[in-house]
file structure26.pdb (PDB, C-alpha atoms)
ATOM      1  CA  MET N   1      92.537  16.385 -44.459
ATOM      2  CA  ALA N   2      88.996  15.682 -45.546
ATOM      3  CA  GLY N   3      86.220  16.062 -43.033
ATOM      4  CA  VAL N   4      84.484  13.031 -41.576
ATOM      5  CA  PRO N   5      81.281  12.266 -43.533
ATOM      6  CA  GLU N   6      78.094  12.954 -41.594
ATOM      7  CA  ARG N   7      76.279   9.892 -40.330
ATOM      8  CA  LEU N   8      73.152   9.087 -42.330
ATOM      9  CA  LEU N   9      70.184   7.271 -40.811
ATOM     10  CA  SER N  10      67.442   5.260 -42.446
ATOM     11  CA  SER N  11      63.816   6.303 -42.052
ATOM     12  CA  SER N  12      63.249   3.255 -39.814
ATOM     13  CA  GLU N  13      66.095   4.299 -37.488
ATOM     14  CA  VAL N  14      64.708   7.830 -37.247
ATOM     15  CA  ALA N  15      61.244   6.422 -36.551
ATOM     16  CA  LYS N  16      62.609   4.483 -33.563
ATOM     17  CA  ILE N  17      64.326   7.586 -32.160
ATOM     18  CA  PHE N  18      61.098   9.608 -32.207
ATOM     19  CA  GLY N  19      58.769   6.751 -31.361
ATOM     20  CA  VAL N  20      56.733   7.078 -34.564
ATOM     21  CA  THR N  21      56.075   4.894 -37.590
ATOM     22  CA  ARG N  22      58.296   4.803 -40.664
ATOM     23  CA  ALA N  23      55.354   6.176 -42.650
ATOM     24  CA  ALA N  24      55.311   9.227 -40.379
ATOM     25  CA  VAL N  25      58.986   9.889 -41.079
ATOM     26  CA  ILE N  26      58.374   9.601 -44.840
ATOM     27  CA  LYS N  27      55.588  12.150 -44.449
ATOM     28  CA  TRP N  28      57.990  14.476 -42.578
ATOM     29  CA  ILE N  29      60.391  14.212 -45.507
ATOM     30  CA  LYS N  30      57.724  14.935 -48.135
ATOM     31  CA  THR N  31      56.295  17.913 -46.209
ATOM     32  CA  GLY N  32      59.754  19.378 -45.551
ATOM     33  CA  LYS N  33      59.713  18.913 -41.778
ATOM     34  CA  ILE N  34      63.002  17.029 -41.998
ATOM     35  CA  ARG N  35      65.682  17.135 -44.690
ATOM     36  CA  ALA N  36      66.651  13.855 -46.329
ATOM     37  CA  ILE N  37      68.989  12.649 -49.068
ATOM     38  CA  GLU N  38      68.074   9.995 -51.620
ATOM     39  CA  VAL N  39      70.777   7.339 -51.818
ATOM     40  CA  HIS N  40      70.314   4.470 -54.309
ATOM     41  CA  GLY N  41      66.552   4.989 -54.273
ATOM     42  CA  ARG N  42      66.236   5.104 -50.467
ATOM     43  CA  TRP N  43      65.871   8.030 -48.099
ATOM     44  CA  ARG N  44      68.724   8.773 -45.703
ATOM     45  CA  ILE N  45      68.448  11.427 -43.004
ATOM     46  CA  PRO N  46      71.549  13.333 -41.792
ATOM     47  CA  TYR N  47      72.054  12.961 -38.057
ATOM     48  CA  SER N  48      72.215  16.781 -37.757
ATOM     49  CA  GLU N  49      68.561  16.850 -38.822
ATOM     50  CA  VAL N  50      67.671  14.426 -36.043
ATOM     51  CA  GLU N  51      69.499  16.604 -33.518
ATOM     52  CA  ARG N  52      67.657  19.669 -34.811
ATOM     53  CA  LEU N  53      64.273  18.026 -34.325
ATOM     54  CA  LEU N  54      65.245  16.626 -30.927
ATOM     55  CA  LEU N  55      66.265  20.102 -29.776
ATOM     56  CA  GLY N  56      62.995  21.504 -31.074
ATOM     57  CA  GLU N  57      61.019  18.865 -29.175
ATOM     58  CA  ALA N  58      62.960  19.654 -25.996
ATOM     59  CA  LEU N  59      62.240  23.372 -26.300
ATOM     60  CA  ARG N  60      58.579  22.879 -27.129
ATOM     61  CA  PRO N  61      56.359  23.198 -24.048
ATOM     62  CA  ARG N  62      54.472  20.109 -22.928
ATOM     63  CA  ARG N  63      51.622  21.912 -21.141
ATOM     64  CA  VAL N  64      50.862  25.612 -21.326
ATOM     65  CA  ALA N  65      48.511  27.814 -19.345
ATOM     66  CA  ILE N  66      46.729  30.687 -21.022
ATOM     67  CA  TYR N  67      45.727  33.427 -18.588
ATOM     68  CA  ALA N  68      43.087  36.075 -19.275
ATOM     69  CA  ARG N  69      41.803  38.829 -16.978
ATOM     70  CA  VAL N  70      39.211  41.601 -17.052
ATOM     71  CA  SER N  71      38.458  44.083 -14.310
ATOM     72  CA  GLY N  72      34.685  43.625 -14.002
ATOM     73  CA  SER N  73      31.868  41.129 -14.478
ATOM     74  CA  THR N  74      30.369  43.280 -17.238
ATOM     75  CA  GLN N  75      33.405  42.448 -19.431
ATOM     76  CA  ARG N  76      32.801  38.726 -19.802
ATOM     77  CA  ASP N  77      32.565  39.063 -23.581
ATOM     78  CA  ASP N  78      36.033  40.630 -23.602
ATOM     79  CA  LEU N  79      37.290  37.814 -21.382
ATOM     80  CA  GLU N  80      36.119  35.259 -23.932
ATOM     81  CA  ARG N  81      37.730  37.261 -26.767
ATOM     82  CA  GLN N  82      41.025  37.224 -24.877
ATOM     83  CA  LEU N  83      40.789  33.460 -24.391
ATOM     84  CA  GLN N  84      39.952  32.842 -28.043
ATOM     85  CA  ALA N  85      42.874  34.982 -29.216
ATOM     86  CA  LEU N  86      45.229  33.136 -26.845
ATOM     87  CA  ARG N  87      43.929  29.714 -27.932
ATOM     88  CA  GLU N  88      44.633  30.548 -31.567
ATOM     89  CA  TRP N  89      48.045  31.998 -30.743
ATOM     90  CA  ALA N  90      49.042  28.895 -28.761
ATOM     91  CA  ARG N  91      47.869  26.591 -31.549
ATOM     92  CA  LYS N  92      49.740  28.512 -34.259
ATOM     93  CA  THR N  93      52.901  28.794 -32.156
ATOM     94  CA  TYR N  94      53.105  25.400 -30.434
ATOM     95  CA  GLY N  95      50.835  23.177 -32.472
ATOM     96  CA  ASP N  96      48.821  20.475 -30.736
ATOM     97  CA  VAL N  97      50.053  21.252 -27.213
ATOM     98  CA  GLU N  98      47.987  20.655 -24.074
ATOM     99  CA  VAL N  99      46.410  23.913 -22.890
ATOM    100  CA  VAL N 100      44.845  24.784 -19.530
ATOM    101  CA  GLU N 101      42.800  27.978 -19.227
ATOM    102  CA  VAL N 102      42.939  30.244 -16.171
ATOM    103  CA  THR N 103      40.894  33.427 -15.773
ATOM    104  CA  ASP N 104      40.339  36.244 -13.313
ATOM    105  CA  ILE N 105      37.731  38.962 -12.939
ATOM    106  CA  GLY N 106      39.311  41.683 -10.856
ATOM    107  CA  SER N 107      41.675  44.613 -10.752
ATOM    108  CA  GLY N 108      45.229  44.236 -11.977
ATOM    109  CA  VAL N 109      46.455  45.769  -8.699
ATOM    110  CA  ASN N 110      44.736  43.074  -6.628
ATOM    111  CA  ILE N 111      47.304  40.418  -5.715
ATOM    112  CA  LYS N 112      44.704  38.115  -4.128
ATOM    113  CA  ARG N 113      43.188  36.954  -7.397
ATOM    114  CA  ARG N 114      42.332  33.245  -7.400
ATOM    115  CA  GLY N 115      43.454  32.719 -10.969
ATOM    116  CA  LEU N 116      46.841  34.308 -10.352
ATOM    117  CA  TRP N 117      47.497  32.091  -7.342
ATOM    118  CA  LYS N 118      46.294  29.055  -9.276
ATOM    119  CA  LEU N 119      48.968  29.822 -11.884
ATOM    120  CA  ILE N 120      51.626  30.112  -9.186
ATOM    121  CA  ASP N 121      50.523  26.824  -7.595
ATOM    122  CA  MET N 122      50.611  25.009 -10.947
ATOM    123  CA  ALA N 123      54.088  26.395 -11.614
ATOM    124  CA  ARG N 124      55.290  25.372  -8.159
ATOM    125  CA  MET N 125      53.939  21.842  -8.652
ATOM    126  CA  ARG N 126      55.544  21.621 -12.142
ATOM    127  CA  GLN N 127      52.145  21.160 -13.795
ATOM    128  CA  ILE N 128      52.893  23.721 -16.529
ATOM    129  CA  ASP N 129      56.042  24.934 -18.253
ATOM    130  CA  THR N 130      54.735  28.035 -20.069
ATOM    131  CA  VAL N 131      52.250  30.813 -19.249
ATOM    132  CA  ILE N 132      50.801  32.832 -22.142
ATOM    133  CA  ILE N 133      49.125  36.202 -21.558
ATOM    134  CA  ALA N 134      47.733  38.684 -24.067
ATOM    135  CA  TYR N 135      49.409  41.768 -22.545
ATOM    136  CA  ARG N 136      51.757  42.344 -19.623
ATOM    137  CA  ASP N 137      49.179  44.038 -17.423
ATOM    138  CA  ARG N 138      46.712  41.167 -17.823
ATOM    139  CA  LEU N 139      48.918  39.365 -15.312
ATOM    140  CA  THR N 140      49.500  42.355 -13.050
ATOM    141  CA  ARG N 141      49.364  46.135 -13.278
ATOM    142  CA  PHE N 142      52.610  46.568 -11.330
ATOM    143  CA  GLY N 143      55.605  44.321 -10.666
ATOM    144  CA  PHE N 144      55.432  42.161 -13.786
ATOM    145  CA  GLU N 145      59.188  41.555 -13.637
ATOM    146  CA  TYR N 146      58.948  40.140 -10.091
ATOM    147  CA  LEU N 147      56.297  37.627 -11.120
ATOM    148  CA  GLU N 148      58.244  36.768 -14.255
ATOM    149  CA  GLU N 149      61.299  35.943 -12.109
ATOM    150  CA  LEU N 150      59.132  33.881  -9.733
ATOM    151  CA  PHE N 151      57.786  31.754 -12.577
ATOM    152  CA  LYS N 152      61.286  31.435 -14.020
ATOM    153  CA  ALA N 153      62.504  30.083 -10.671
ATOM    154  CA  TYR N 154      59.925  27.309 -11.061
ATOM    155  CA  GLY N 155      61.123  26.618 -14.603
ATOM    156  CA  VAL N 156      58.096  28.272 -16.219
ATOM    157  CA  LYS N 157      58.454  30.644 -19.169
ATOM    158  CA  MET N 158      56.277  33.769 -19.353
ATOM    159  CA  VAL N 159      55.154  34.643 -22.890
ATOM    160  CA  VAL N 160      53.424  37.922 -23.835
ATOM    161  CA  ALA N 161      51.534  37.182 -27.057
ATOM    162  CA  PHE N 162      50.654  40.720 -28.096
ATOM    163  CA  GLN N 163      52.360  44.066 -27.523
ATOM    164  CA  GLU N 164      49.855  46.887 -27.932
ATOM    165  CA  GLU N 165      46.688  46.941 -25.859
ATOM    166  CA  PRO N 166      43.286  47.879 -27.316
ATOM    167  CA  ARG N 167      42.096  51.381 -26.573
ATOM    168  CA  ASP N 168      39.166  50.229 -24.439
ATOM    169  CA  TYR N 169      41.623  49.087 -21.749
ATOM    170  CA  MET N 170      41.993  52.748 -20.798
ATOM    171  CA  GLN N 171      38.874  52.364 -18.647
ATOM    172  CA  GLU N 172      40.648  49.689 -16.634
ATOM    173  CA  LEU N 173      43.514  52.087 -15.975
ATOM    174  CA  VAL N 174      41.032  54.586 -14.573
ATOM    175  CA  GLU N 175      39.450  51.944 -12.354
ATOM    176  CA  ASP N 176      42.837  50.831 -11.089
ATOM    177  CA  LEU N 177      43.762  54.433 -10.306
ATOM    178  CA  VAL N 178      40.647  54.785  -8.157
ATOM    179  CA  ALA N 179      41.468  51.483  -6.410
ATOM    180  CA  ILE N 180      45.016  52.650  -5.618
ATOM    181  CA  VAL N 181      43.925  56.033  -4.249
ATOM    182  CA  THR N 182      41.165  54.384  -2.224
ATOM    183  CA  SER N 183      43.618  51.909  -0.707
ATOM    184  CA  PHE N 184      46.132  54.583   0.306
ATOM    185  CA  ALA N 185      43.450  56.921   1.649
ATOM    186  CA  ALA N 186      42.089  54.093   3.802
ATOM    187  CA  ARG N 187      45.520  53.452   5.286
ATOM    188  CA  ILE N 188      46.200  57.102   5.964
ATOM    189  CA  TYR N 189      42.834  58.286   7.260
ATOM    190  CA  GLY N 190      40.817  55.138   7.995
ATOM    191  CA  ARG N 191      37.723  54.119   6.053
ATOM    192  CA  ARG N 192      35.320  55.723   8.530
ATOM    193  CA  SER N 193      36.915  59.178   8.490
ATOM    194  CA  LYS N 194      35.487  62.157   6.647
ATOM    195  CA  LYS N 195      38.837  62.803   4.956
ATOM    196  CA  TYR N 196      38.804  59.308   3.455
ATOM    197  CA  LYS N 197      35.303  59.768   2.062
ATOM    198  CA  ARG N 198      36.195  63.217   0.727
ATOM    199  CA  VAL N 199      39.325  61.966  -1.055
ATOM    200  CA  VAL N 200      37.501  59.029  -2.631
ATOM    201  CA  LYS N 201      34.600  61.189  -3.741
ATOM    202  CA  THR N 202      36.972  63.752  -5.261
ATOM    203  CA  VAL N 203      38.845  61.114  -7.262
ATOM    204  CA  GLU N 204      35.653  59.430  -8.465
ATOM    205  CA  GLU N 205      34.227  62.745  -9.629
ATOM    206  CA  ALA N 206      37.518  63.662 -11.349
ATOM    207  CA  VAL N 207      37.647  60.491 -13.442
ATOM    208  CA  LYS N 208      34.049  60.976 -14.526
ATOM    209  CA  ASP N 209      35.021  64.270 -16.149
ATOM    210  CA  PRO N 210      35.188  63.601 -19.919
TER     211      PRO N 210
END
call {"tool": "encode", "arguments": {"input": "structure26.pdb", "output": "structure tokens"}}
result
Amino acid sequence: MAGVPERLLSSSEVAKIFGVTRAAVIKWIKTGKIRAIEVHGRWRIPYSEVERLLLGEALRPRRVAIYARVSGSTQRDDLERQLQALREWARKTYGDVEVVEVTDIGSGVNIKRRGLWKLIDMARMRQIDTVIIAYRDRLTRFGFEYLEELFKAYGVKMVVAFQEEPRDYMQELVEDLVAIVTSFAARIYGRRSKKYKRVVKTVEEAVKDP
């Protein structure tokens, strides 16, 4: 038994489905965005092509947040480089999508960053549907998976644009190590104790050793 022929739509019908002009659909055909068949001198678009584009539109984010972080105020140039790289990545990946930029200047182990909580608030209020970061530890030094699950619960996808960090981020690791040791020493000994000051001084001197 022969299969049922696939439904073919005119360019005007497709234009109505996507809310664009017929000329726009013709342009899609000529640029290869959508496959069409010429029947008696007129373009006809298989319904499977319409479904493919509709699915692509549904998966495409409506509003994305790009998040960049550096550990100190002396790294503002690096912060701007991160943002520029993320802007270009978002444009190449998602096209002309609305982008909101969120930044932080602070340690990756600090959970009280304003930018981080702004991201969470926007996710909770359904103001964004995707968060793009350059590297995993730009969002947080520890517990990335927990934050990823939190955003997912709000229907927000976490995207890591790049995989390997530049070598100069090693300095941030050192600074975060000092912050962690300082925090634990303060809890154990108290910030006014001699032991606390001795531990912090020892760690700071150790990381200065080339």
call {"tool": "resolve_selection", "arguments": {"input": "structure26.pdb", "expression": "the PyMOL selection byres ((chain N and resi 12) around 10)", "output": "list in words"}}
result
Leu9, Ser10, Ser11, Glu13, Val14, Ala15, Lys16, Ile17, Val20, Thr21, Arg22, Ala23, Ala24, Val25, Ile26, Trp43 and Arg44 of chain N
call {"tool": "resolve_selection", "arguments": {"input": "structure26.pdb", "expression": "the PyMOL selection byres ((chain N and resi 71-81) around 6)", "output": "mmCIF file with C-alpha atoms, keeping the file's coordinate frame"}}
result
data_model
loop_
_atom_site.group_PDB
_atom_site.id
_atom_site.type_symbol
_atom_site.label_atom_id
_atom_site.label_comp_id
_atom_site.auth_asym_id
_atom_site.auth_seq_id
_atom_site.Cartn_x
_atom_site.Cartn_y
_atom_site.Cartn_z
ATOM 1 C CA VAL N 70 39.211 41.601 -17.052
ATOM 2 C CA GLN N 82 41.025 37.224 -24.877
ATOM 3 C CA LEU N 83 40.789 33.460 -24.391
ATOM 4 C CA GLN N 84 39.952 32.842 -28.043
ATOM 5 C CA ILE N 105 37.731 38.962 -12.939
ATOM 6 C CA GLY N 106 39.311 41.683 -10.856
ATOM 7 C CA SER N 107 41.675 44.613 -10.752
#
call {"tool": "resolve_selection", "arguments": {"input": "structure26.pdb", "expression": "the PyMOL selection byres ((chain N and resi 109) around 7)", "output": "PyMOL selection string"}}
result
chain N and resi 107-108+110-111+140-142+176
call {"tool": "residues_around", "arguments": {"input": "structure26.pdb", "residues": "Val131 (chain N)", "least_positions_apart": "6", "cutoff": "7 Å", "atoms": "all atoms listed in the file", "output": "list of chain:residue names"}}
result
N:Val64, N:Ala65, N:Ile66, N:Lys157, N:Met158, N:Val159
call {"tool": "atom_distance", "arguments": {"input": "structure26.pdb", "atom1": "CA of Arg42 (chain N)", "atom2": "CA of Phe18 (chain N)"}}
result
19.5 Å
call {"tool": "closest_residue", "arguments": {"input": "structure26.pdb", "among": "N:Leu119, N:Ala134, N:Val181, N:Val199", "to": "Trp89 (chain N)", "atoms": "only C-alpha atoms"}}
result
N:Ala134
call {"tool": "build_atoms", "arguments": {"input": "structure26.pdb", "residues": "region 35-60 of chain N", "atoms": "N, CA and C atoms", "output": "tab-separated table (two decimals), in the coordinates of the input"}}
result
chain	number	residue	atom	x	y	z
N	35	ARG	N	64.95	17.22	-43.43
N	35	ARG	CA	65.68	17.14	-44.69
N	35	ARG	C	66.26	15.73	-44.86
N	36	ALA	N	66.15	15.20	-46.05
N	36	ALA	CA	66.65	13.86	-46.33
N	36	ALA	C	67.38	13.83	-47.67
N	37	ILE	N	68.22	12.82	-47.84
N	37	ILE	CA	68.99	12.65	-49.07
N	37	ILE	C	68.62	11.29	-49.67
N	38	GLU	N	68.41	11.26	-50.97
N	38	GLU	CA	68.07	9.99	-51.62
N	38	GLU	C	69.36	9.30	-52.06
N	39	VAL	N	69.57	8.12	-51.52
N	39	VAL	CA	70.78	7.34	-51.82
N	39	VAL	C	70.34	5.98	-52.37
N	40	HIS	N	70.67	5.74	-53.65
N	40	HIS	CA	70.31	4.47	-54.31
N	40	HIS	C	68.82	4.16	-54.14
N	41	GLY	N	68.00	5.19	-54.31
N	41	GLY	CA	66.55	4.99	-54.27
N	41	GLY	C	65.95	4.92	-52.88
N	42	ARG	N	66.76	5.15	-51.84
N	42	ARG	CA	66.24	5.10	-50.47
N	42	ARG	C	66.56	6.42	-49.75
N	43	TRP	N	65.66	6.80	-48.85
N	43	TRP	CA	65.87	8.03	-48.10
N	43	TRP	C	66.86	7.81	-46.96
N	44	ARG	N	67.78	8.78	-46.82
N	44	ARG	CA	68.72	8.77	-45.70
N	44	ARG	C	68.69	10.16	-45.05
N	45	ILE	N	68.60	10.17	-43.75
N	45	ILE	CA	68.45	11.43	-43.00
N	45	ILE	C	69.75	11.75	-42.28
N	46	PRO	N	70.33	12.93	-42.52
N	46	PRO	CA	71.55	13.33	-41.79
N	46	PRO	C	71.27	13.41	-40.30
N	47	TYR	N	72.25	12.96	-39.52
N	47	TYR	CA	72.05	12.96	-38.06
N	47	TYR	C	71.85	14.38	-37.52
N	48	SER	N	72.40	15.39	-38.19
N	48	SER	CA	72.22	16.78	-37.76
N	48	SER	C	70.75	17.18	-37.80
N	49	GLU	N	70.00	16.58	-38.74
N	49	GLU	CA	68.56	16.85	-38.82
N	49	GLU	C	67.83	16.24	-37.64
N	50	VAL	N	68.26	15.07	-37.22
N	50	VAL	CA	67.67	14.43	-36.04
N	50	VAL	C	67.94	15.27	-34.80
N	51	GLU	N	69.16	15.75	-34.66
N	51	GLU	CA	69.50	16.60	-33.52
N	51	GLU	C	68.66	17.87	-33.51
N	52	ARG	N	68.45	18.44	-34.71
N	52	ARG	CA	67.66	19.67	-34.81
N	52	ARG	C	66.23	19.44	-34.32
N	53	LEU	N	65.64	18.32	-34.75
N	53	LEU	CA	64.27	18.03	-34.33
N	53	LEU	C	64.21	17.69	-32.84
N	54	LEU	N	65.22	16.97	-32.35
N	54	LEU	CA	65.24	16.63	-30.93
N	54	LEU	C	65.33	17.89	-30.08
N	55	LEU	N	66.14	18.84	-30.50
N	55	LEU	CA	66.26	20.10	-29.78
N	55	LEU	C	64.94	20.86	-29.80
N	56	GLY	N	64.29	20.83	-30.96
N	56	GLY	CA	63.00	21.50	-31.07
N	56	GLY	C	61.95	20.88	-30.17
N	57	GLU	N	61.96	19.55	-30.06
N	57	GLU	CA	61.02	18.86	-29.18
N	57	GLU	C	61.31	19.20	-27.73
N	58	ALA	N	62.60	19.34	-27.38
N	58	ALA	CA	62.96	19.65	-26.00
N	58	ALA	C	62.53	21.06	-25.61
N	59	LEU	N	62.61	21.99	-26.59
N	59	LEU	CA	62.24	23.37	-26.30
N	59	LEU	C	60.73	23.59	-26.36
N	60	ARG	N	60.03	22.71	-27.01
N	60	ARG	CA	58.58	22.88	-27.13
N	60	ARG	C	57.91	22.57	-25.80
